[in-house]
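Report on the following structure.
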Amino acid sequence: MNLKTESINKNFSSFAKLLHWGFVILFLYGLLKQIDSINQLEDDNLLMFEVIFALAFLLLLIIRFVYMKTTQQSSISDHTPKSQKLAAKIVHYGMYICLALIPFSGLIIGWLFWLDLKDGFLINLVIGIHEFAVSIIYWLIGFHIVAATYHRLKKDGVWSSMVPFWKE
């Protein structure tokens, strides 16, 4: 079986593509609406919105992870070097971990803030974890985009399996 036929057989479903690109939009929205200062959480309406957004984000992330793991198969060719397959797994699992850690740590920050623990070691530790996860996700997204572009230039079908535009 040639690479082109193999990649066609490993196309992601329309729902998988919707989840992927939906998360791009949801993550961008989360970045745009992020708070500038933790003291903004004194607004009960904003705090409640942040909690609901984080819980919805986590729920959708879990649904996406379970769906992708149980119904979808990687579009990377069986002939791809093991090092590239390992790098892809590290980046993908790293993104899932960070995408879960960001809202989870945000929920803990909101909870500590609500408990009036607005400063001190504990909240600063959780804020540090939150900020670290955000920093790491930027790098992982960058690696993901570089890898997708590499596959687009390689024309091995990986790009077209998930990207609904600029087909190979």
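Labeling convention for the structure tokens: chains A, B, ... as they appear, residues from 1 per chain, ligands from 1 in order of appearance.
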Point to revise | Selection near region 109-125 of chain A, 8 Å with only C-alpha atoms, sequence-local residues under 6 positions removed, as a PyMOL selection string | key: chain A and resi 41+47+51
Output all heavy atoms of each residue in that selection to a file, as a tab-separated table (two decimals), in the first residue's frame.
```tsv
chain	number	residue	atom	x	y	z
A	41	LEU	N	-11.12	38.73	40.32
A	41	LEU	CA	-12.00	37.66	40.79
A	41	LEU	C	-12.88	38.09	41.96
A	41	LEU	O	-13.73	37.32	42.40
A	41	LEU	CB	-11.17	36.42	41.16
A	41	LEU	CG	-10.41	35.77	40.01
A	41	LEU	CD1	-9.58	34.60	40.50
A	41	LEU	CD2	-11.37	35.33	38.91
A	47	LEU	N	-16.05	35.65	38.56
A	47	LEU	CA	-15.56	34.41	39.15
A	47	LEU	C	-16.45	33.23	38.73
A	47	LEU	O	-15.94	32.18	38.32
A	47	LEU	CB	-15.52	34.52	40.67
A	47	LEU	CG	-15.06	33.27	41.44
A	47	LEU	CD1	-13.66	32.84	41.02
A	47	LEU	CD2	-15.13	33.52	42.94
A	51	VAL	N	-15.37	29.96	36.44
A	51	VAL	CA	-15.58	28.59	36.92
A	51	VAL	C	-16.36	27.79	35.88
A	51	VAL	O	-15.99	26.66	35.54
A	51	VAL	CB	-16.29	28.59	38.29
A	51	VAL	CG1	-16.79	27.20	38.65
A	51	VAL	CG2	-15.35	29.12	39.38
```
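Residues surrounding region 140-145 of chain A within 8 Å are Val91, Gly94, Met95, Ile136 and Thr149 of chain A [only C-alpha atoms; sequence separation below 4 positions excluded].
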Point to revise | Close residues, region 14-28 of chain A itself excluded, 12 Å, only C-alpha atoms, min 4 positions apart in chain, as a ChimeraX atom specification | key: /A:32-34,53-54,56-74,92,95-96,98-100,102-103,134,137-138,141,145,159-165
Practice item. Could you find all residues in chain A that DSSP calls helix (DSSP H, G or I) from the backbone, and write them as number ranges by chain? Key: A: 3-8, 14-33, 38-42, 44-71, 82-114, 121-154, 158-162
Revision key, fill the gap. In terms of only C-alpha atoms, the residue from A:Ile76, A:Ile52, A:Ser105, A:His151 at minimal distance from Asn11 (chain A) is A:Ile76
